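Asker: Could you have a look at this structure, given as structure tokens, before my questions?
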Amino acid sequence: MQTNPDNELGNVIRAAFRTSGLSIKRLAVQSGVPYASAHGFLSGRCDVALGTAARLCKVLGLQLMTRKGRIRK
């Protein structure tokens, strides 16, 4: 799955990772995300499922929130 450059969540997670001082391996271990998945996502080669993104966010000190008015049913 190719990454989407308009993926705001992915861009925020990648930016937080770059400033975190963590290695990909350390982030993968602390989040419980397989190294290959974390590496592919952080290098921009693929996107990840929301649950995986949530685990990465937790380690990076990010909080997932919905935006009022942005939820479509």
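Residue numbering restarts at 1 for every chain of the structure tokens, chains are lettered A, B, ... in their displayed order, and ligands are numbered from 1 as they appear.
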For Ala36 in chain A, please output as JSON, numbers by chain all residues within 10 Å (counting only C-alpha atoms; exclusion window: fewer than 4 positions along the same chain).

Answerer: {"A": [24, 25, 28, 40, 41, 42]}

Asker: Create the file for the chosen residues now, containing C-alpha atoms and written as a PDB file, in the first residue's frame.

Answerer:
ATOM      1  CA  ILE A  24      12.856   2.988  14.569  1.00  0.00           C
ATOM      2  CA  LYS A  25      13.765  -0.157  16.487  1.00  0.00           C
ATOM      3  CA  ALA A  28       8.765  -0.494  17.318  1.00  0.00           C
ATOM      4  CA  GLY A  40       7.938   1.077   6.007  1.00  0.00           C
ATOM      5  CA  PHE A  41       5.557   3.643   7.478  1.00  0.00           C
ATOM      6  CA  LEU A  42       8.195   6.029   8.808  1.00  0.00           C
TER       7      LEU A  42
END

Asker: Step one, run DSSP on the backbone; step two, keep only residues of chain A assigned to helix (DSSP H, G or I); then write them as a short mmCIF file (atom, residue, chain, number, x, y, z; two decimals) with N, CA and C atoms, in the first residue's frame.

Answerer:
data_model
loop_
_atom_site.label_atom_id
_atom_site.label_comp_id
_atom_site.auth_asym_id
_atom_site.auth_seq_id
_atom_site.Cartn_x
_atom_site.Cartn_y
_atom_site.Cartn_z
N GLU A 8 -2.80 13.51 6.73
CA GLU A 8 -2.37 14.42 7.80
C GLU A 8 -1.89 13.67 9.04
N LEU A 9 -2.60 12.61 9.42
CA LEU A 9 -2.19 11.84 10.59
C LEU A 9 -0.80 11.23 10.39
N GLY A 10 -0.59 10.63 9.24
CA GLY A 10 0.72 10.05 8.96
C GLY A 10 1.83 11.08 8.99
N ASN A 11 1.56 12.25 8.44
CA ASN A 11 2.57 13.32 8.43
C ASN A 11 2.89 13.79 9.83
N VAL A 12 1.88 13.89 10.69
CA VAL A 12 2.10 14.32 12.07
C VAL A 12 2.92 13.28 12.83
N ILE A 13 2.60 12.01 12.65
CA ILE A 13 3.35 10.95 13.34
C ILE A 13 4.79 10.94 12.87
N ARG A 14 5.01 11.05 11.58
CA ARG A 14 6.39 11.06 11.06
C ARG A 14 7.17 12.25 11.60
N ALA A 15 6.55 13.41 11.67
CA ALA A 15 7.22 14.60 12.21
C ALA A 15 7.57 14.41 13.68
N ALA A 16 6.64 13.84 14.45
CA ALA A 16 6.90 13.58 15.87
C ALA A 16 8.03 12.59 16.03
N PHE A 17 8.07 11.58 15.17
CA PHE A 17 9.17 10.60 15.25
C PHE A 17 10.51 11.27 14.99
N ARG A 18 10.57 12.12 13.96
CA ARG A 18 11.84 12.78 13.62
C ARG A 18 12.40 13.62 14.77
N THR A 19 11.53 14.18 15.59
CA THR A 19 12.00 15.01 16.70
C THR A 19 12.09 14.25 18.02
N SER A 20 11.71 12.98 18.02
CA SER A 20 11.64 12.21 19.27
C SER A 20 12.99 11.75 19.79
N ILE A 24 14.02 3.74 15.04
CA ILE A 24 12.86 2.99 14.57
C ILE A 24 12.71 1.71 15.41
N LYS A 25 13.81 1.07 15.70
CA LYS A 25 13.76 -0.16 16.49
C LYS A 25 13.18 0.10 17.87
N ARG A 26 13.61 1.16 18.54
CA ARG A 26 13.11 1.48 19.88
C ARG A 26 11.61 1.80 19.83
N LEU A 27 11.19 2.58 18.83
CA LEU A 27 9.77 2.90 18.68
C LEU A 27 8.96 1.64 18.45
N ALA A 28 9.47 0.76 17.60
CA ALA A 28 8.76 -0.49 17.32
C ALA A 28 8.61 -1.34 18.58
N VAL A 29 9.68 -1.47 19.34
CA VAL A 29 9.64 -2.28 20.57
C VAL A 29 8.67 -1.67 21.58
N GLN A 30 8.78 -0.37 21.80
CA GLN A 30 7.95 0.27 22.82
C GLN A 30 6.47 0.30 22.44
N SER A 31 6.19 0.35 21.14
CA SER A 31 4.80 0.42 20.69
C SER A 31 4.19 -0.96 20.42
N TYR A 35 8.86 -4.21 13.51
CA TYR A 35 9.88 -3.31 12.97
C TYR A 35 9.64 -3.03 11.49
N ALA A 36 9.33 -4.04 10.71
CA ALA A 36 9.14 -3.85 9.27
C ALA A 36 7.99 -2.90 8.98
N SER A 37 6.93 -2.98 9.75
CA SER A 37 5.78 -2.07 9.57
C SER A 37 6.16 -0.65 9.94
N ALA A 38 6.84 -0.49 11.09
CA ALA A 38 7.25 0.84 11.52
C ALA A 38 8.22 1.45 10.52
N HIS A 39 9.17 0.67 10.05
CA HIS A 39 10.16 1.17 9.09
C HIS A 39 9.49 1.59 7.78
N GLY A 40 8.62 0.75 7.25
CA GLY A 40 7.94 1.08 6.01
C GLY A 40 7.09 2.34 6.13
N PHE A 41 6.39 2.47 7.25
CA PHE A 41 5.56 3.64 7.48
C PHE A 41 6.40 4.90 7.66
N LEU A 42 7.40 4.84 8.51
CA LEU A 42 8.20 6.03 8.81
C LEU A 42 9.05 6.48 7.63
N LEU A 50 -5.31 2.25 11.60
CA LEU A 50 -5.53 3.22 12.67
C LEU A 50 -5.04 2.70 14.03
N GLY A 51 -5.25 1.42 14.30
CA GLY A 51 -4.78 0.84 15.57
C GLY A 51 -3.27 0.92 15.71
N THR A 52 -2.58 0.67 14.62
CA THR A 52 -1.11 0.77 14.62
C THR A 52 -0.69 2.22 14.83
N ALA A 53 -1.36 3.13 14.14
CA ALA A 53 -1.06 4.56 14.30
C ALA A 53 -1.28 4.98 15.75
N ALA A 54 -2.34 4.47 16.38
CA ALA A 54 -2.63 4.81 17.77
C ALA A 54 -1.51 4.34 18.69
N ARG A 55 -0.97 3.16 18.45
CA ARG A 55 0.13 2.65 19.29
C ARG A 55 1.39 3.50 19.11
N LEU A 56 1.67 3.91 17.87
CA LEU A 56 2.82 4.78 17.63
C LEU A 56 2.62 6.13 18.31
N CYS A 57 1.41 6.66 18.20
CA CYS A 57 1.09 7.95 18.83
C CYS A 57 1.32 7.91 20.33
N LYS A 58 0.89 6.84 20.96
CA LYS A 58 1.02 6.73 22.41
C LYS A 58 2.48 6.85 22.84
N VAL A 59 3.36 6.15 22.15
CA VAL A 59 4.79 6.19 22.49
C VAL A 59 5.38 7.57 22.20
N LEU A 60 4.89 8.21 21.15
CA LEU A 60 5.42 9.52 20.75
C LEU A 60 4.78 10.68 21.51
#

Asker: What does the distance between CA of Asp47 in chain A and CA of Asn7 in chain A come to in Å, to one decimal place?

Answerer: 8.7 Å
